[in-house]
Number of protein chains: 4
Amino acid sequence: MCRFLAYHGEPILLEELIASPSHSLIKQSQHAAEGKTETNGDGFGVGWYGERPEPGLYRELRPAWSDENLWSICAQVRSKLFFAHVRAATGTATTRANCHPFALGRFMFMHNGQIGGYRTIRRRIEALVPDELYHVRTGTTDTEAIFLAAASRGLAADPVAAISATLALVLQEMRRAGVTAALRFTAALTDGDGIWAFRWASDSAPPTLYYRQGDSGVIVVSEPIDDDREDWHAVQAGHALVAAHGARAVLRRMEPTVAFAA
Amino acid sequence: MCRFLAYHGEPILLEELIASPSHSLIKQSQHAAEGKTETNGDGFGVGWYGERPEPGLYRELRPAWSDENLWSICAQVRSKLFFAHVRAATGTATTRANCHPFALGRFMFMHNGQIGGYRTIRRRIEALVPDELYHVRTGTTDTEAIFLAAASRGLAADPVAAISATLALVLQEMRRAGVTAALRFTAALTDGDGIWAFRWASDSAPPTLYYRQGDSGVIVVSEPIDDDREDWHAVQAGHALVAAHGARAVLRRMEPTVAFAA
Amino acid sequence: MCRFLAYHGEPILLEELIASPSHSLIKQSQHAAEGKTETNGDGFGVGWYGERPEPGLYRELRPAWSDENLWSICAQVRSKLFFAHVRAATGTATTRANCHPFALGRFMFMHNGQIGGYRTIRRRIEALVPDELYHVRTGTTDTEAIFLAAASRGLAADPVAAISATLALVLQEMRRAGVTAALRFTAALTDGDGIWAFRWASDSAPPTLYYRQGDSGVIVVSEPIDDDREDWHAVQAGHALVAAHGARAVLRRMEPTVAFAA
Amino acid sequence: MCRFLAYHGEPILLEELIASPSHSLIKQSQHAAEGKTETNGDGFGVGWYGERPEPGLYRELRPAWSDENLWSICAQVRSKLFFAHVRAATGTATTRANCHPFALGRFMFMHNGQIGGYRTIRRRIEALVPDELYHVRTGTTDTEAIFLAAASRGLAADPVAAISATLALVLQEMRRAGVTAALRFTAALTDGDGIWAFRWASDSAPPTLYYRQGDSGVIVVSEPIDDDREDWHAVQAGHALVAAHGARAVLRRMEPTVAFAA
């Protein structure tokens with residue numbers, strides 16, 4: 001289990017959300033409140049859009065809380081759209097290659113959750129990645145495999161459909177392999193212009209996901225970064241938050257089982 | 001605040017104390033029970049005696065819990081005398097050079113505690129290190145400075161007196177600088193043949209320190225590594241544990257204030 | 001291209017071969033003489049047999065030349081059989097998971113060479129790894145894939161045949177994919193009791209490989225570690241060196257093309 | 001010996017100088033042409049001015065050539081004034097705290113050279129750092145000590161005088177300690193608005209230093225980053241380059257011996 005944060009809105013310094021708040025993501029790296037694990041010290045990453053269509057990335061295997069570079073980058077980089085993630089590894093190694101967010105062209109993706117039985121069915125999940133993207137894979141996480149699998153399933157045209165279709169395929173592989181553990185999934189995706197965030201589980205226990213929509217932008221988080229609890233809204237289980245191209249966030253129902261049934 | 005463990009006795013694999021117990025030092029790196037901080041993820045170190053009078057050292061700035069090398073070394077190295085330490089930094093950087101234990105010739109030293117106002121009086125504390133040892137200093141911790149200062153004050157002849165004298169000098173510098181915060185100190189020292197452990201504070205709140213004396217050896221820990229609580233004895237505040245040259249551990253009163261008064 | 005060293009014989013400190021010689025492996029990490037790259041600074045690893053049937057491993061992504069831990073471990077660990085490797089990455093990331101040697105049960109493997117077109121045909125090469133070993137793969141190197149592929153092809157019964165068969169399969173995949181670049185391969189394998197080393201290429205330019213057989217042991221190296229050039233013998237191209245179970249090293253012809261023709 | 005680059009002029013992406021040129025600083029990290037050491041793989045750093053009076057810093061102990069984060073940051077950060085440095089350690093540890101550039105308030109400093117006998121006289125050199133800046137010191141390099149020493153000697157008012165005075169004091173300490181080895185010094189300093197670069201030695205062999213003054217900015221380098229050799233001018237030994245507040249670079253004679261004589 002991990003913690004993450006996504007922002008889209010008026011350009012702000014990364015530190016305004018990642019470092020300064022009372023329960024900032026850096027603080028969550030040491031003391032998360034709502035996750036299964038309190039400590040998220042198995043690496044971290046930030047990704048932001050600035051000078052290019054492709055995001056900049058700073059990912060490191062050390063804990064976020066003690067990384068001087070992270071503080072400095074957050075104090076200097078201003079962006080209208082950025083992602084940040086602190087990792088609690090669930091069975092894969094602590095390496096930069098396994099740190100979120102992952103980038104592919106102008107897309108960026110990060111994740112908190114777990115594919116039941118992943119260690120056993122990793123090859124089946126990787127088989128969902130198309131040949132032409134396979135060389136992009138540098139780590140061993142389920143996250144990166146899901147992202148690359150979704151990338152060839154219409155991510156640009158309809159992110160919610162692409163992610164739903166991918167989850168359906170993952171679920172199919174889990175069932176084929178006789179995995180009874182659940183698929184639990186929260187994630188955030190961006191194309192550099194909009195944010196899509198997802199909360200879905202094959203059982204009744206998806207990880208938490210919240211958002212705050214203001215006039216100057218939208219923030220999506222695993223758990224609130226401050227105590228203004230009335231401002232934060234939980235994303236309903238089974239729903240995607242869509243904040244595309246400057247529009248305010250709306251929720252949309254995810255239907256991975258439909259694709260699965262197909 | 002940190003957690004540490006020292007062992008002297010029949011040669012055993014390091015993992016028997018560092019990795020395998022129910023509340024092993026590696027587990028304490030993520031979930032310490034008795035320290036001021038639960039997470040001790042700002043680097044770690046192990047030091048052991050084997051082929052040479054000088055100890056071997058493996059120190060790394062990552063958290064202990066995710067370091068594959070640490071697990072492998074603990075599974076392969078057998079030693080009659082070893083130290084292990086997981087660090088929670090208190091104001092100095094997370095670098096290898098600040099990770100315990102510290103070695104000098106055949107001596108090795110590690111520490112849990114804090115010099116009140118250290119940031120302000122670091123230069124005064126470093127002034128206690130003699131010129132001929134100054135080049136040895138590679139980090140910025142109070143621990144390393146205390147160790148090098150004690151090394152020139154009779155560490156080989158009488159470790160308890162040398163450490164007590166050094167603490168007295170540190171306290172003197174704190175008072176000269178008007179520091180009102182406390183000096184709290186637990187530590188372990190070895191010459192490769194005996195263990196000396198220390199628990200002392202200028203106020204009534206020294207960090208915890210326990211030991212277990214068995215027929216096959218003695219273990220000194222910041223907090224017990226298993227639930228056999230009756231086997232673990234707290235070292236009394238203001239005392240040093242002395243387990244020298246194969247003898248069973250005895251406690252000896254520390255009197256740093258005497259040296260201070262002088 | 002990388003540099004490596006394997007030793008089997010009377011137990012010695014690792015430093016006697018890895019650190020002390022005039023052209024030691026650590027020196028080769030900065031100034032190799034016979035490789036395509038002079039600098040082998042993309043991580044390193046040592047593996048040794050001691051307390052268990054399985055080897056101990058210390059692998060790190062920093063250059064070998066500046067790693068204090070490596071020096072200390074080499075000064076303290078005595079072993080009858082050890083491997084050491086300094087890496088010059090050829091397209092895959094500098095992470096611990098991509099550092100040699102690789103271990104599987106009691107086996108250990110390291111490699112210097114390159115599969116032509118590997119980036120393009122990685123998935124085909126990984127397909128040679130059997131399902132039951134797939135979860136072992138933590139990196140993205142060709143080396144690890146070849147090792148895991150060979151592990152299911154009779155590595156314990158006949159290492160030369162298993163490696164030859166695997167190379168034949170790799171070559172087959174290269175040809176199927178239309179790769180015209182060469183397969184060049186030097187490697188060392190051990191089961192904790194013998195050493196097998198390989199020098200083979202699909203063209204006339206296999207990387208260099210030397211050995212020195214003495215009364216107290218055998219050393220296999222990418223390039224000699226000292227200037228006693230008459231003591232070092234080049235392994236002929238297309239041959240495997242076999243130093244099994246205490247016997248002196250003998251050369252044996254590799255015939256991967258036979259398997260390929262099959 | 002190290003390699004460095006400083007730029008002041010029209011805002012450009014860092015990669016235009018650090019990564020893209022035919023003999024870029026990243027390439028120099030592996031293959032420097034004019035330094036005493038070809039490999040500068042003991043860490044690196046970049047510092048830039050953007051959102052604040054204080055610079056952003058990204059420093060890491062890995063070699064520059066394999067660091068994905070460095071490439072990404074260089075591709076995304078645009079700045080009118082930045083420093084970059086690749087390090088070849090001369091006796092001090094490979095840690096982030098020893099990586100250049102060093103920052104203090106709005107100032108930034110980096111260095112290539114060596115204080116003769118530094119290991120022996122480190123304490124004397126550190127004594128030049130005033131008490132109020134001593135807590136800033138986190139590493140053990142001569143560079144950081146010189147910077148902090150100069151910071152209290154009028155760095156803001158007259159950087160050339162402050163550095164010259166500091167070098168004179170360093171030279172004095174070397175002579176007092178009977179050091180016969182030379183003091184060789186190239187360095188770059190900035191206050192966020194101008195660049196001062198220095199080339200001086202107590203013997204006739206200062207490290208190389210070049211600059212290129214164009215209409216859109218000035219670049220100062222340890223060695224040229226491309227083959228347009230006629231564009232690059234060597235800074236004369238014993239001189240400082242001054243490119244302050246938008247003015248074109250001028251050379252000014254350094255006279256540390258005057259201060260020394262005083």
# chains A, B, ... in the order shown; residues from 1 in each chain; ligands from 1
$ select_by_dssp --residues "region 27-193 of chain C" --states "alpha helix (DSSP H)" --output "PDB file with N, CA and C atoms, in the first residue's frame"
ATOM      1  N   LYS C  27      40.274  -2.313  -9.364  1.00  0.00           N
ATOM      2  CA  LYS C  27      40.993  -1.394 -10.275  1.00  0.00           C
ATOM      3  C   LYS C  27      40.394  -1.467 -11.684  1.00  0.00           C
ATOM      4  N   GLN C  28      40.019  -2.663 -12.107  1.00  0.00           N
ATOM      5  CA  GLN C  28      39.401  -2.810 -13.425  1.00  0.00           C
ATOM      6  C   GLN C  28      38.065  -2.066 -13.516  1.00  0.00           C
ATOM      7  N   SER C  29      37.415  -1.843 -12.371  1.00  0.00           N
ATOM      8  CA  SER C  29      36.154  -1.094 -12.432  1.00  0.00           C
ATOM      9  C   SER C  29      36.417   0.322 -12.945  1.00  0.00           C
ATOM     10  N   GLN C  30      37.615   0.834 -12.701  1.00  0.00           N
ATOM     11  CA  GLN C  30      37.934   2.177 -13.190  1.00  0.00           C
ATOM     12  C   GLN C  30      38.768   2.153 -14.475  1.00  0.00           C
ATOM     13  N   GLU C  68      32.949   1.731   0.344  1.00  0.00           N
ATOM     14  CA  GLU C  68      33.659   1.331   1.567  1.00  0.00           C
ATOM     15  C   GLU C  68      33.213  -0.054   2.030  1.00  0.00           C
ATOM     16  N   ASN C  69      31.936  -0.357   1.858  1.00  0.00           N
ATOM     17  CA  ASN C  69      31.433  -1.660   2.297  1.00  0.00           C
ATOM     18  C   ASN C  69      32.121  -2.801   1.550  1.00  0.00           C
ATOM     19  N   LEU C  70      32.320  -2.624   0.273  1.00  0.00           N
ATOM     20  CA  LEU C  70      32.968  -3.677  -0.515  1.00  0.00           C
ATOM     21  C   LEU C  70      34.365  -3.964   0.012  1.00  0.00           C
ATOM     22  N   TRP C  71      35.118  -2.901   0.285  1.00  0.00           N
ATOM     23  CA  TRP C  71      36.461  -3.088   0.826  1.00  0.00           C
ATOM     24  C   TRP C  71      36.415  -3.843   2.150  1.00  0.00           C
ATOM     25  N   SER C  72      35.461  -3.475   2.985  1.00  0.00           N
ATOM     26  CA  SER C  72      35.399  -4.102   4.310  1.00  0.00           C
ATOM     27  C   SER C  72      34.983  -5.568   4.205  1.00  0.00           C
ATOM     28  N   ILE C  73      34.002  -5.852   3.382  1.00  0.00           N
ATOM     29  CA  ILE C  73      33.559  -7.239   3.211  1.00  0.00           C
ATOM     30  C   ILE C  73      34.694  -8.078   2.619  1.00  0.00           C
ATOM     31  N   CYS C  74      35.395  -7.542   1.650  1.00  0.00           N
ATOM     32  CA  CYS C  74      36.510  -8.280   1.044  1.00  0.00           C
ATOM     33  C   CYS C  74      37.633  -8.544   2.052  1.00  0.00           C
ATOM     34  N   ALA C  75      37.759  -7.658   3.032  1.00  0.00           N
ATOM     35  CA  ALA C  75      38.813  -7.827   4.041  1.00  0.00           C
ATOM     36  C   ALA C  75      38.419  -8.813   5.132  1.00  0.00           C
ATOM     37  N   GLN C  76      37.139  -9.178   5.198  1.00  0.00           N
ATOM     38  CA  GLN C  76      36.655 -10.004   6.307  1.00  0.00           C
ATOM     39  C   GLN C  76      36.127 -11.362   5.892  1.00  0.00           C
ATOM     40  N   TYR C 118      18.876  -7.301 -28.170  1.00  0.00           N
ATOM     41  CA  TYR C 118      18.168  -7.721 -26.953  1.00  0.00           C
ATOM     42  C   TYR C 118      16.962  -6.847 -26.631  1.00  0.00           C
ATOM     43  N   ARG C 119      17.107  -5.551 -26.825  1.00  0.00           N
ATOM     44  CA  ARG C 119      16.003  -4.642 -26.518  1.00  0.00           C
ATOM     45  C   ARG C 119      14.734  -5.049 -27.281  1.00  0.00           C
ATOM     46  N   THR C 120      14.940  -5.486 -28.501  1.00  0.00           N
ATOM     47  CA  THR C 120      13.805  -5.847 -29.346  1.00  0.00           C
ATOM     48  C   THR C 120      13.235  -7.217 -28.999  1.00  0.00           C
ATOM     49  N   ILE C 121      14.097  -8.133 -28.629  1.00  0.00           N
ATOM     50  CA  ILE C 121      13.638  -9.524 -28.451  1.00  0.00           C
ATOM     51  C   ILE C 121      13.621  -9.965 -26.999  1.00  0.00           C
ATOM     52  N   ARG C 122      13.631  -8.977 -26.082  1.00  0.00           N
ATOM     53  CA  ARG C 122      13.667  -9.333 -24.662  1.00  0.00           C
ATOM     54  C   ARG C 122      12.538 -10.287 -24.282  1.00  0.00           C
ATOM     55  N   ARG C 123      11.347  -9.996 -24.764  1.00  0.00           N
ATOM     56  CA  ARG C 123      10.216 -10.854 -24.396  1.00  0.00           C
ATOM     57  C   ARG C 123      10.433 -12.284 -24.880  1.00  0.00           C
ATOM     58  N   ARG C 124      10.991 -12.449 -26.059  1.00  0.00           N
ATOM     59  CA  ARG C 124      11.249 -13.799 -26.570  1.00  0.00           C
ATOM     60  C   ARG C 124      12.289 -14.512 -25.702  1.00  0.00           C
ATOM     61  N   ILE C 125      13.279 -13.766 -25.251  1.00  0.00           N
ATOM     62  CA  ILE C 125      14.314 -14.367 -24.398  1.00  0.00           C
ATOM     63  C   ILE C 125      13.707 -14.735 -23.043  1.00  0.00           C
ATOM     64  N   GLU C 126      12.887 -13.852 -22.518  1.00  0.00           N
ATOM     65  CA  GLU C 126      12.226 -14.143 -21.237  1.00  0.00           C
ATOM     66  C   GLU C 126      11.281 -15.336 -21.362  1.00  0.00           C
ATOM     67  N   ASP C 131       7.775 -21.092 -16.271  1.00  0.00           N
ATOM     68  CA  ASP C 131       6.818 -20.446 -15.365  1.00  0.00           C
ATOM     69  C   ASP C 131       7.240 -20.514 -13.904  1.00  0.00           C
ATOM     70  N   GLU C 132       7.735 -21.685 -13.507  1.00  0.00           N
ATOM     71  CA  GLU C 132       8.013 -21.867 -12.080  1.00  0.00           C
ATOM     72  C   GLU C 132       9.203 -21.044 -11.593  1.00  0.00           C
ATOM     73  N   LEU C 133       9.980 -20.494 -12.514  1.00  0.00           N
ATOM     74  CA  LEU C 133      11.104 -19.641 -12.109  1.00  0.00           C
ATOM     75  C   LEU C 133      10.868 -18.167 -12.443  1.00  0.00           C
ATOM     76  N   TYR C 134       9.756 -17.888 -13.081  1.00  0.00           N
ATOM     77  CA  TYR C 134       9.566 -16.536 -13.583  1.00  0.00           C
ATOM     78  C   TYR C 134       9.520 -15.492 -12.461  1.00  0.00           C
ATOM     79  N   ASP C 142      19.680  -9.409 -19.877  1.00  0.00           N
ATOM     80  CA  ASP C 142      19.760 -10.649 -20.627  1.00  0.00           C
ATOM     81  C   ASP C 142      20.392 -11.759 -19.776  1.00  0.00           C
ATOM     82  N   THR C 143      21.363 -11.375 -18.962  1.00  0.00           N
ATOM     83  CA  THR C 143      22.081 -12.327 -18.114  1.00  0.00           C
ATOM     84  C   THR C 143      21.139 -13.132 -17.234  1.00  0.00           C
ATOM     85  N   GLU C 144      20.289 -12.422 -16.509  1.00  0.00           N
ATOM     86  CA  GLU C 144      19.372 -13.100 -15.589  1.00  0.00           C
ATOM     87  C   GLU C 144      18.423 -14.020 -16.356  1.00  0.00           C
ATOM     88  N   ALA C 145      17.965 -13.560 -17.506  1.00  0.00           N
ATOM     89  CA  ALA C 145      17.054 -14.391 -18.307  1.00  0.00           C
ATOM     90  C   ALA C 145      17.761 -15.661 -18.796  1.00  0.00           C
ATOM     91  N   ILE C 146      18.983 -15.524 -19.273  1.00  0.00           N
ATOM     92  CA  ILE C 146      19.739 -16.700 -19.735  1.00  0.00           C
ATOM     93  C   ILE C 146      19.941 -17.683 -18.588  1.00  0.00           C
ATOM     94  N   PHE C 147      20.269 -17.153 -17.424  1.00  0.00           N
ATOM     95  CA  PHE C 147      20.518 -17.997 -16.247  1.00  0.00           C
ATOM     96  C   PHE C 147      19.259 -18.787 -15.876  1.00  0.00           C
ATOM     97  N   LEU C 148      18.135 -18.092 -15.789  1.00  0.00           N
ATOM     98  CA  LEU C 148      16.889 -18.766 -15.406  1.00  0.00           C
ATOM     99  C   LEU C 148      16.433 -19.732 -16.501  1.00  0.00           C
ATOM    100  N   ALA C 149      16.693 -19.379 -17.730  1.00  0.00           N
ATOM    101  CA  ALA C 149      16.354 -20.293 -18.830  1.00  0.00           C
ATOM    102  C   ALA C 149      17.199 -21.563 -18.743  1.00  0.00           C
ATOM    103  N   ALA C 150      18.493 -21.404 -18.485  1.00  0.00           N
ATOM    104  CA  ALA C 150      19.378 -22.569 -18.388  1.00  0.00           C
ATOM    105  C   ALA C 150      19.039 -23.435 -17.178  1.00  0.00           C
ATOM    106  N   ALA C 151      18.516 -22.771 -16.128  1.00  0.00           N
ATOM    107  CA  ALA C 151      18.252 -23.493 -14.879  1.00  0.00           C
ATOM    108  C   ALA C 151      17.243 -24.617 -15.055  1.00  0.00           C
ATOM    109  N   PRO C 159      26.152 -28.689 -16.840  1.00  0.00           N
ATOM    110  CA  PRO C 159      26.114 -27.235 -17.047  1.00  0.00           C
ATOM    111  C   PRO C 159      26.522 -26.818 -18.461  1.00  0.00           C
ATOM    112  N   VAL C 160      27.519 -27.483 -19.034  1.00  0.00           N
ATOM    113  CA  VAL C 160      27.960 -27.069 -20.367  1.00  0.00           C
ATOM    114  C   VAL C 160      26.855 -27.311 -21.388  1.00  0.00           C
ATOM    115  N   ALA C 161      26.200 -28.448 -21.269  1.00  0.00           N
ATOM    116  CA  ALA C 161      25.093 -28.734 -22.188  1.00  0.00           C
ATOM    117  C   ALA C 161      23.927 -27.775 -21.970  1.00  0.00           C
ATOM    118  N   ALA C 162      23.639 -27.472 -20.706  1.00  0.00           N
ATOM    119  CA  ALA C 162      22.504 -26.590 -20.414  1.00  0.00           C
ATOM    120  C   ALA C 162      22.745 -25.182 -20.957  1.00  0.00           C
ATOM    121  N   ILE C 163      23.947 -24.679 -20.751  1.00  0.00           N
ATOM    122  CA  ILE C 163      24.258 -23.337 -21.262  1.00  0.00           C
ATOM    123  C   ILE C 163      24.285 -23.370 -22.793  1.00  0.00           C
ATOM    124  N   SER C 164      24.879 -24.406 -23.368  1.00  0.00           N
ATOM    125  CA  SER C 164      24.941 -24.493 -24.827  1.00  0.00           C
ATOM    126  C   SER C 164      23.541 -24.544 -25.424  1.00  0.00           C
ATOM    127  N   ALA C 165      22.687 -25.328 -24.818  1.00  0.00           N
ATOM    128  CA  ALA C 165      21.311 -25.426 -25.319  1.00  0.00           C
ATOM    129  C   ALA C 165      20.596 -24.091 -25.221  1.00  0.00           C
ATOM    130  N   THR C 166      20.844 -23.382 -24.133  1.00  0.00           N
ATOM    131  CA  THR C 166      20.196 -22.087 -23.959  1.00  0.00           C
ATOM    132  C   THR C 166      20.708 -21.079 -24.992  1.00  0.00           C
ATOM    133  N   LEU C 167      22.017 -21.077 -25.209  1.00  0.00           N
ATOM    134  CA  LEU C 167      22.570 -20.172 -26.223  1.00  0.00           C
ATOM    135  C   LEU C 167      21.987 -20.481 -27.604  1.00  0.00           C
ATOM    136  N   ALA C 168      21.815 -21.776 -27.878  1.00  0.00           N
ATOM    137  CA  ALA C 168      21.231 -22.165 -29.160  1.00  0.00           C
ATOM    138  C   ALA C 168      19.823 -21.606 -29.306  1.00  0.00           C
ATOM    139  N   LEU C 169      19.062 -21.675 -28.224  1.00  0.00           N
ATOM    140  CA  LEU C 169      17.690 -21.148 -28.247  1.00  0.00           C
ATOM    141  C   LEU C 169      17.697 -19.625 -28.412  1.00  0.00           C
ATOM    142  N   VAL C 170      18.624 -18.977 -27.725  1.00  0.00           N
ATOM    143  CA  VAL C 170      18.734 -17.519 -27.850  1.00  0.00           C
ATOM    144  C   VAL C 170      19.054 -17.150 -29.296  1.00  0.00           C
ATOM    145  N   LEU C 171      19.994 -17.858 -29.857  1.00  0.00           N
ATOM    146  CA  LEU C 171      20.409 -17.610 -31.236  1.00  0.00           C
ATOM    147  C   LEU C 171      19.230 -17.815 -32.191  1.00  0.00           C
ATOM    148  N   GLN C 172      18.480 -18.844 -31.919  1.00  0.00           N
ATOM    149  CA  GLN C 172      17.284 -19.128 -32.717  1.00  0.00           C
ATOM    150  C   GLN C 172      16.299 -17.937 -32.676  1.00  0.00           C
ATOM    151  N   GLU C 173      16.089 -17.424 -31.486  1.00  0.00           N
ATOM    152  CA  GLU C 173      15.172 -16.281 -31.343  1.00  0.00           C
ATOM    153  C   GLU C 173      15.726 -15.052 -32.055  1.00  0.00           C
ATOM    154  N   MET C 174      17.040 -14.862 -31.965  1.00  0.00           N
ATOM    155  CA  MET C 174      17.654 -13.734 -32.668  1.00  0.00           C
ATOM    156  C   MET C 174      17.406 -13.854 -34.166  1.00  0.00           C
ATOM    157  N   ARG C 175      17.602 -15.038 -34.699  1.00  0.00           N
ATOM    158  CA  ARG C 175      17.432 -15.231 -36.147  1.00  0.00           C
ATOM    159  C   ARG C 175      15.980 -15.081 -36.550  1.00  0.00           C
ATOM    160  N   ARG C 176      15.098 -15.657 -35.755  1.00  0.00           N
ATOM    161  CA  ARG C 176      13.661 -15.509 -36.043  1.00  0.00           C
ATOM    162  C   ARG C 176      13.253 -14.046 -36.109  1.00  0.00           C
TER     163      ARG C 176
END
$ interface_residues --of "chain D" --to "chain B" --cutoff "7 Å" --atoms "only C-alpha atoms" --output "list of chain:residue names"
D:Thr95, D:Arg119, D:Thr120, D:His135, D:Thr138, D:Gly139, D:Thr140
$ write_last_selection --atoms "all heavy atoms" --output "PDB file, in the first residue's frame"
ATOM      1  N   THR D  95      29.684  10.880  -0.858  1.00  0.00           N
ATOM      2  CA  THR D  95      28.370  11.080  -0.245  1.00  0.00           C
ATOM      3  C   THR D  95      27.752  12.316  -0.867  1.00  0.00           C
ATOM      4  O   THR D  95      28.469  13.157  -1.425  1.00  0.00           O
ATOM      5  CB  THR D  95      28.466  11.331   1.280  1.00  0.00           C
ATOM      6  OG1 THR D  95      29.076  12.615   1.496  1.00  0.00           O
ATOM      7  CG2 THR D  95      29.298  10.250   1.973  1.00  0.00           C
ATOM      8  N   ARG D 119      44.250  16.527   4.248  1.00  0.00           N
ATOM      9  CA  ARG D 119      43.929  15.534   5.266  1.00  0.00           C
ATOM     10  C   ARG D 119      44.560  15.905   6.612  1.00  0.00           C
ATOM     11  O   ARG D 119      43.944  15.744   7.666  1.00  0.00           O
ATOM     12  CB  ARG D 119      44.424  14.164   4.796  1.00  0.00           C
ATOM     13  CG  ARG D 119      44.075  13.001   5.697  1.00  0.00           C
ATOM     14  CD  ARG D 119      44.549  11.708   5.014  1.00  0.00           C
ATOM     15  NE  ARG D 119      44.286  10.524   5.800  1.00  0.00           N
ATOM     16  CZ  ARG D 119      45.065  10.109   6.810  1.00  0.00           C
ATOM     17  NH1 ARG D 119      46.100  10.798   7.173  1.00  0.00           N
ATOM     18  NH2 ARG D 119      44.748   8.993   7.471  1.00  0.00           N
ATOM     19  N   THR D 120      45.754  16.436   6.551  1.00  0.00           N
ATOM     20  CA  THR D 120      46.471  16.782   7.777  1.00  0.00           C
ATOM     21  C   THR D 120      45.983  18.088   8.388  1.00  0.00           C
ATOM     22  O   THR D 120      45.950  18.234   9.609  1.00  0.00           O
ATOM     23  CB  THR D 120      47.982  16.931   7.462  1.00  0.00           C
ATOM     24  OG1 THR D 120      48.383  15.830   6.668  1.00  0.00           O
ATOM     25  CG2 THR D 120      48.796  17.004   8.742  1.00  0.00           C
ATOM     26  N   HIS D 135      27.451  25.289  11.612  1.00  0.00           N
ATOM     27  CA  HIS D 135      26.411  24.260  11.563  1.00  0.00           C
ATOM     28  C   HIS D 135      25.975  23.953  10.127  1.00  0.00           C
ATOM     29  O   HIS D 135      25.349  22.933   9.870  1.00  0.00           O
ATOM     30  CB  HIS D 135      25.196  24.679  12.388  1.00  0.00           C
ATOM     31  CG  HIS D 135      24.411  25.780  11.739  1.00  0.00           C
ATOM     32  ND1 HIS D 135      24.720  27.110  11.885  1.00  0.00           N
ATOM     33  CD2 HIS D 135      23.351  25.743  10.902  1.00  0.00           C
ATOM     34  CE1 HIS D 135      23.887  27.846  11.184  1.00  0.00           C
ATOM     35  NE2 HIS D 135      23.044  27.044  10.575  1.00  0.00           N
ATOM     36  N   THR D 138      28.004  20.194   6.220  1.00  0.00           N
ATOM     37  CA  THR D 138      27.461  18.839   6.347  1.00  0.00           C
ATOM     38  C   THR D 138      28.403  17.793   5.786  1.00  0.00           C
ATOM     39  O   THR D 138      28.194  16.601   6.000  1.00  0.00           O
ATOM     40  CB  THR D 138      26.109  18.709   5.624  1.00  0.00           C
ATOM     41  OG1 THR D 138      26.304  19.039   4.256  1.00  0.00           O
ATOM     42  CG2 THR D 138      25.069  19.614   6.241  1.00  0.00           C
ATOM     43  N   GLY D 139      29.430  18.220   5.042  1.00  0.00           N
ATOM     44  CA  GLY D 139      30.376  17.253   4.492  1.00  0.00           C
ATOM     45  C   GLY D 139      31.759  17.465   5.042  1.00  0.00           C
ATOM     46  O   GLY D 139      31.940  18.131   6.078  1.00  0.00           O
ATOM     47  N   THR D 140      32.756  16.920   4.346  1.00  0.00           N
ATOM     48  CA  THR D 140      34.132  17.007   4.833  1.00  0.00           C
ATOM     49  C   THR D 140      35.089  17.563   3.780  1.00  0.00           C
ATOM     50  O   THR D 140      36.300  17.521   3.971  1.00  0.00           O
ATOM     51  CB  THR D 140      34.635  15.617   5.269  1.00  0.00           C
ATOM     52  OG1 THR D 140      34.480  14.712   4.162  1.00  0.00           O
ATOM     53  CG2 THR D 140      33.867  15.092   6.451  1.00  0.00           C
TER      54      THR D 140
END
$ residues_around --residues "region 82-85 of chain D" --least-positions-apart "4" --cutoff "7 Å" --atoms "only C-alpha atoms" --output "number ranges by chain"
D: 3-8, 44-49, 100-101
$ residues_around --residues "Arg199 (chain C)" --least-positions-apart "5" --cutoff "6 Å" --atoms "only C-alpha atoms" --output "PDB file with N, CA and C atoms, in the first residue's frame"
ATOM      1  N   PHE C 185      29.419 -14.001 -25.739  1.00  0.00           N
ATOM      2  CA  PHE C 185      29.076 -14.538 -24.437  1.00  0.00           C
ATOM      3  C   PHE C 185      30.309 -15.057 -23.709  1.00  0.00           C
ATOM      4  N   THR C 186      30.655 -14.429 -22.591  1.00  0.00           N
ATOM      5  CA  THR C 186      31.519 -15.090 -21.610  1.00  0.00           C
ATOM      6  C   THR C 186      30.745 -15.072 -20.300  1.00  0.00           C
ATOM      7  N   ALA C 237      38.208 -19.649 -27.855  1.00  0.00           N
ATOM      8  CA  ALA C 237      36.839 -19.346 -28.280  1.00  0.00           C
ATOM      9  C   ALA C 237      36.089 -20.654 -28.529  1.00  0.00           C
ATOM     10  N   GLY C 238      34.810 -20.641 -28.140  1.00  0.00           N
ATOM     11  CA  GLY C 238      34.001 -21.828 -28.372  1.00  0.00           C
ATOM     12  C   GLY C 238      34.209 -22.930 -27.360  1.00  0.00           C
ATOM     13  N   HIS C 239      34.865 -22.587 -26.240  1.00  0.00           N
ATOM     14  CA  HIS C 239      35.138 -23.616 -25.239  1.00  0.00           C
ATOM     15  C   HIS C 239      34.603 -23.226 -23.863  1.00  0.00           C
TER      16      HIS C 239
END
